[in-house]
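Each remark here refers to the structure printed beneath this line.
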Amino acid sequence: MEHTESHPFDGKAFVRHLTTSPGVYRYFDAEGELLYVGKAANLKKRVSNYFLKPPMDPRIASMVSQIDRAEVTLTRTAGEALLLESQLIKSLKPRYNIVLRDDKSYPYIYLSGGENYPRLAFHRGAKTGSGRYFGPYPSTFAVRESLGLMQKLFKVRQCEDSYFKNRSRPCLQHQIGRCSAPCVELISVDDYRNDVRHAEMFLEGRSSAVIDELARSMEEASMALNFERAATLRDQVAALRKLQAQHFVQGASADMDVIACCLEGGMACVSVLFFRNGVSLGSRDFFPRLPTDASVSDVLGQFIAQYYLDRQVPRELVLSDPVEDIEVLTDVLSQHAGYNVQLKPSVRGERARFLEMAQRNASAALTSRLASRHTLLARFDDLQKVLDLTEQPRRIECFDISHTRGEATVASCVVFGPEGPEKSHYRRFNITGITPGDDYAAMHQALTRRFKKVVEGGAKPDILLIDGGAGQVAQAVDVLGELGVEGIRVVGVAKGPGRRAGEETLVLAESGKTLHPGTSSPALHLVAAVRDEAHRFAISGHRRKREAARERSTLEDVAGVGARRRAALLKAFGGLSGVEAAGVEELMSVKGIDRGLAERIYAMLHP
């Protein structure tokens with residue numbers, strides 16, 4: 001049902017025709033933008049609160065005044081409504097909803113399967129491998145720390161399969177006592193699998209069982225007069241006991257997350273302490289986007305629904321405050337997990353101590369965030385004054401080019417808003433079809449590809465920063481003119497004398513003037529931060545592209561070296577660096593490599 005300006009939305013009439021069934025309702029403005037998504041056990045009763053019971057708080061009144069159209073989706077149960085609401089909020093990000101900004105998936109520890117010598121590895125993304133996944137962990141640091149412990153305690157390999165299969169001698173990890181060198185079979189398959197089994201038990205939280213088993217093995221080795229083996233097991237048991245004493249949290253549930261929310265200054269912080277198998281895995285802070293006048297209960301309820309409904313749920317969630325529809329939320333999480341999940345807004349004893357810790361974390365993180373936000377807003381205000389803009393910019397994009405003497409050219413585009421970097425909008429462009437080293441052509445190509453998306457209806461920046469002077473700025477002006485894109489302020493960021501930070505020159509495309517804000521200018525601090533981020537993002541992309549190209553272009557480009565000979569070379573010398581260090585005579589020692597071919601390989605690797 002559509003409405004025009006001459007027939008504004010009649011909320012009362014809409015409510016009269018609503019059903020009392022559970023479901024999800026959605027409000028849209030005159031331009032079709034989604035304003036709000038809500039759930040209801042009784043649609044008629046819930047939606048009527050917006051139109052039949054004034055007065056309402058300013059936030060809701062502002063939203064209702066913009067409603068031009070409403071839609072509903074009926075569900076069978078209130079639980080289904082909760083699930084659908086969570087999915088719609090996460091995918092559509094309505095303006096007036098609390099939205100969890102969590103772009104990055106969580107890391108896991110991956111144990112490969114189907115091999116004689118499985119490996120442990122850091123993993124992030126889709127779980128498509130044939131082995132086991134342990135986690136999720138709250139941060140990459142927690143995974144790296146755990147993997148380091150695995151190396152010290154159980155010596156299970158962590159190298160890539162390609163590296164493992166091409167070794168002819170033990171690597172440095174074996175020499176420093178962190179790997180049992182299965183690559184050259186210094187350990188039997190049975191003994192290695194036993195180490196893997198112990199690592200699995202440890203990751204499952206059964207460290208006490210591992211200690212008991214190792215202690216029995218130590219006694220058996222001692223009885224058999226195998227004192228060297230007994231000493232090794234003794235050291236392993238001692239290390240495990242020490243680690244257990246450091247990490248075991250007395251009184252913690254086997255599976256529990258402690259969640260606290262702090263609300264201040266129009267911002268919210270949700271801090272989560274993670275406990276798995278009685279071991280603390282650390283914490284993580286979240287800063288949801290929220291409308292004004294949101295309550296702590298609102299934030300916690302939306303956070304739990306959006307965060308846990310697409311990942312593994314612990315058996316117990318300890319909450320700093322009660323949440324709305326806690327029974328429905330508990331039922332939905334339990335169905336999703338396949339076991340009973342408890343939500344506890346009121347706790348005592350050790351759990352109360354953990355909750356106090358989470359609340360302190362949330363408060364401290366929010367204080368720091370507010371201070372950073374205040375500084376960032378001051379910089380945006382100053383940039384508005386420096387560039388003489390009619391209003392504060394909402395979206396800044398910056399482009400940079402990176403290459404090494406024309407090789408593997410990559411362009412970057414980073415995006416900043418008043419809340420800071422918007423990393424989900426970052427883009428890289430692989431530049432092809434230009435003269436190597438032609439930065440102008442590279443910038444022209446990247447800008448053309450980016451702003452074709454604007455012509456097709458994509459997001460448009462208020463300010464376009466270009467890392468460079470008048471020449472690079474001219475490329476941006478040409479591209480915007482060719483595509484007919486208007487309303488964007490183009491600014492070049494040229495390096496100052498001696499390339500000193502704080503002395504950059506701003507080149508204004510519209511007037512051709514240059515500005516020198518100076519080292520004390522908040523606006524220049526913002527511009528420099530955005531430019532540096534674009535530079536970092538371009539360089540990291542360029543390095544990956546260059547390394548990939550160089551790894552491929554060496555042996556694969558030598559005539560007469562196919563897949564079999566290439567594998568033999570890599571295995572014989574332990575990798576590409578070993579092949580590069582070999583002389584012609586050493587290359588000839590590999591089966592299938594005669595002198596002519598060895599000379600061609602050497603010439604290719606030593607141009």
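By convention in this document, the chains of the structure tokens carry letters A, B, ... by their order, each chain's residues are numbered from 1, and ligands are numbered from 1 in the order they are shown.
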task: Skip segment 474-491 of chain A itself and residues of its chain fewer than 3 positions away, then list as a PyMOL selection string all residues within 7 Å of it, counting only C-alpha atoms.
output: chain A and resi 440+443-444+447-448+461-466+470-471+506-509
What would the file look like if the residues just selected were written as a short mmCIF file (atom, residue, chain, number, x, y, z; two decimals), in the first residue's frame with N, CA and C atoms?
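Ended up saving to again-v9.cif:
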data_model
loop_
_atom_site.label_atom_id
_atom_site.label_comp_id
_atom_site.auth_asym_id
_atom_site.auth_seq_id
_atom_site.Cartn_x
_atom_site.Cartn_y
_atom_site.Cartn_z
N TYR A 440 49.33 8.76 -12.58
CA TYR A 440 48.14 9.48 -13.04
C TYR A 440 47.14 8.52 -13.66
N MET A 443 45.58 6.35 -10.96
CA MET A 443 44.56 7.07 -10.19
C MET A 443 43.29 7.23 -11.02
N HIS A 444 43.44 7.53 -12.31
CA HIS A 444 42.29 7.71 -13.19
C HIS A 444 41.47 6.42 -13.27
N LEU A 447 39.68 5.70 -9.78
CA LEU A 447 38.56 6.61 -9.55
C LEU A 447 37.39 6.31 -10.47
N THR A 448 37.71 5.97 -11.72
CA THR A 448 36.64 5.63 -12.66
C THR A 448 35.86 4.42 -12.18
N PRO A 461 30.71 10.24 -1.44
CA PRO A 461 31.39 10.96 -0.36
C PRO A 461 31.11 12.46 -0.42
N ASP A 462 31.25 13.11 0.72
CA ASP A 462 31.17 14.57 0.76
C ASP A 462 32.52 15.18 0.38
N ILE A 463 33.60 14.52 0.81
CA ILE A 463 34.94 15.00 0.52
C ILE A 463 35.74 13.85 -0.08
N LEU A 464 36.44 14.12 -1.18
CA LEU A 464 37.32 13.15 -1.82
C LEU A 464 38.75 13.62 -1.66
N LEU A 465 39.53 12.90 -0.84
CA LEU A 465 40.94 13.22 -0.63
C LEU A 465 41.79 12.41 -1.60
N ILE A 466 42.75 13.08 -2.21
CA ILE A 466 43.67 12.43 -3.14
C ILE A 466 45.08 12.61 -2.61
N ALA A 470 48.62 18.71 -7.58
CA ALA A 470 47.70 19.20 -8.60
C ALA A 470 47.45 18.17 -9.70
N GLY A 471 48.48 17.40 -10.07
CA GLY A 471 48.32 16.42 -11.14
C GLY A 471 47.32 15.33 -10.78
N LEU A 506 47.11 21.45 1.40
CA LEU A 506 45.84 21.00 0.86
C LEU A 506 45.57 21.75 -0.45
N VAL A 507 45.36 20.98 -1.52
CA VAL A 507 45.12 21.55 -2.85
C VAL A 507 43.62 21.47 -3.14
N LEU A 508 42.96 22.64 -3.28
CA LEU A 508 41.52 22.68 -3.51
C LEU A 508 41.23 22.66 -5.00
N ALA A 509 40.47 21.64 -5.44
CA ALA A 509 40.22 21.47 -6.87
C ALA A 509 39.35 22.59 -7.43
#
- request: Would you mind listing what lies within 9 Å of Glu599 of chain A as a ChimeraX atom specification, with only C-alpha atoms counted and same-chain residues fewer than 3 positions away left out?
  value: /A:583-584,587,594-596,602-604
query: Within 12 Å of segment 558-571 of chain A, counting only C-alpha atoms, which residues qualify if same-chain residues fewer than 6 places away don't, as a ChimeraX atom specification?
result: /A:162-169,183-184,552,577-582,586-594,596-605
query: So which residues touch Met150 of chain A within 9 Å, counting only C-alpha atoms, skipping near sequence neighbours fewer than 5 positions away, as a ChimeraX atom specification?
result: /A:120,145,155-156,178,199,202
With N, CA and C atoms retained, could you export that selection as a JSON list (two decimals), in the first residue's frame?
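Written out: again_8.json:
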[["chain", "number", "residue", "atom", "x", "y", "z"],
["A", 120, "LEU", "N", 47.84, -27.94, 13.54],
["A", 120, "LEU", "CA", 47.04, -26.93, 14.22],
["A", 120, "LEU", "C", 47.28, -25.60, 13.53],
["A", 145, "GLU", "N", 48.19, -16.90, 21.21],
["A", 145, "GLU", "CA", 48.72, -17.32, 22.50],
["A", 145, "GLU", "C", 48.48, -18.81, 22.72],
["A", 155, "LYS", "N", 54.02, -30.02, 20.84],
["A", 155, "LYS", "CA", 54.89, -30.05, 19.65],
["A", 155, "LYS", "C", 54.18, -30.55, 18.40],
["A", 156, "VAL", "N", 52.91, -30.18, 18.27],
["A", 156, "VAL", "CA", 52.16, -30.51, 17.06],
["A", 156, "VAL", "C", 52.47, -29.45, 15.99],
["A", 178, "ARG", "N", 60.00, -26.95, 19.58],
["A", 178, "ARG", "CA", 58.57, -26.65, 19.47],
["A", 178, "ARG", "C", 57.87, -27.49, 18.41],
["A", 199, "ALA", "N", 46.55, -32.75, 22.70],
["A", 199, "ALA", "CA", 46.25, -31.36, 22.36],
["A", 199, "ALA", "C", 44.74, -31.14, 22.25],
["A", 202, "PHE", "N", 43.25, -31.01, 25.69],
["A", 202, "PHE", "CA", 43.56, -29.74, 26.33],
["A", 202, "PHE", "C", 42.64, -28.63, 25.80]]
- request: May I have the residues within 9 Å of Leu84 of chain A as a list of chain:residue names, using only C-alpha atoms and disregarding those fewer than 5 positions away in the same chain?
  value: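 Listed by chain and then number, they are A:Gly23, A:Val24, A:Lys39, A:Thr75, A:Gly79, A:Ile89.
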Suppose we keep all heavy atoms; can you now write the selection as a short mmCIF file (atom, residue, chain, number, x, y, z; two decimals), in the first residue's frame?
data_model
loop_
_atom_site.label_atom_id
_atom_site.label_comp_id
_atom_site.auth_asym_id
_atom_site.auth_seq_id
_atom_site.Cartn_x
_atom_site.Cartn_y
_atom_site.Cartn_z
N GLY A 23 4.50 -11.33 14.91
CA GLY A 23 5.13 -11.01 13.64
C GLY A 23 6.13 -9.88 13.75
O GLY A 23 6.51 -9.46 14.85
N VAL A 24 6.54 -9.38 12.60
CA VAL A 24 7.53 -8.31 12.51
C VAL A 24 6.93 -7.16 11.71
O VAL A 24 6.26 -7.38 10.70
CB VAL A 24 8.82 -8.81 11.82
CG1 VAL A 24 9.75 -7.66 11.49
CG2 VAL A 24 9.53 -9.83 12.69
N LYS A 39 9.62 -6.34 16.52
CA LYS A 39 8.93 -7.63 16.66
C LYS A 39 7.78 -7.46 17.62
O LYS A 39 7.74 -6.50 18.42
CB LYS A 39 9.89 -8.69 17.19
CG LYS A 39 10.33 -8.41 18.62
CD LYS A 39 11.26 -9.46 19.13
CE LYS A 39 11.65 -9.20 20.59
NZ LYS A 39 12.22 -7.89 20.85
N THR A 75 4.34 -14.29 11.68
CA THR A 75 5.08 -15.50 12.03
C THR A 75 4.19 -16.39 12.89
O THR A 75 3.17 -15.95 13.41
CB THR A 75 6.37 -15.16 12.79
OG1 THR A 75 6.03 -14.45 13.98
CG2 THR A 75 7.30 -14.31 11.95
N GLY A 79 8.95 -16.43 19.05
CA GLY A 79 10.34 -16.80 18.81
C GLY A 79 10.76 -16.61 17.37
O GLY A 79 11.84 -16.11 17.07
N ILE A 89 17.51 -6.70 10.98
CA ILE A 89 18.34 -5.62 11.52
C ILE A 89 19.78 -5.78 11.07
O ILE A 89 20.43 -4.81 10.65
CB ILE A 89 18.24 -5.58 13.06
CG1 ILE A 89 16.85 -5.13 13.51
CG2 ILE A 89 19.29 -4.64 13.65
CD1 ILE A 89 16.61 -5.22 15.00
#
query: Which parts of segment 218-355 of chain A does DSSP call strand (DSSP E) when run on the backbone here, written out as number ranges by chain?
result: A: 255-264, 267-276, 279-286, 316-319, 342-344
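Proximity to Lys12 of chain A was assessed for A:Ala221, A:Ala70, A:Met63, A:Leu387 counting only C-alpha atoms; the smallest distance is recorded for A:Ala70.
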task: For Val410 of chain A, list every protein, DNA or RNA residue within 6 Å, evaluated using only C-alpha atoms, and leave out those in the same chain fewer than 3 positions away; present the list as an MDAnalysis selection string.
output: chainID A and resid 401:402 429:431 542
- prompt: Which is closer to His535 of chain A than all the others in A:Ile434, A:Leu82, A:Ala572, A:Ala411, using only C-alpha atoms?
  reply: A:Ala411
query: Given the choices A:Val47, A:Glu33, A:Thr367, A:Thr409, which gets closest to His17 of chain A if the distance is worked out from only C-alpha atoms?
result: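 The shortest atom-to-atom distance to His17 of chain A comes from A:Val47.
We find atom CA of Glu407 of chain A and atom CA of Arg428 of chain A to be spaced 15.8 Å apart.
For the residues A:Gly282, A:Gly125, A:Pro291, A:Pro436, ranking by smallest atom-to-atom distance to Arg405 of chain A using only C-alpha atoms places A:Pro436 first.
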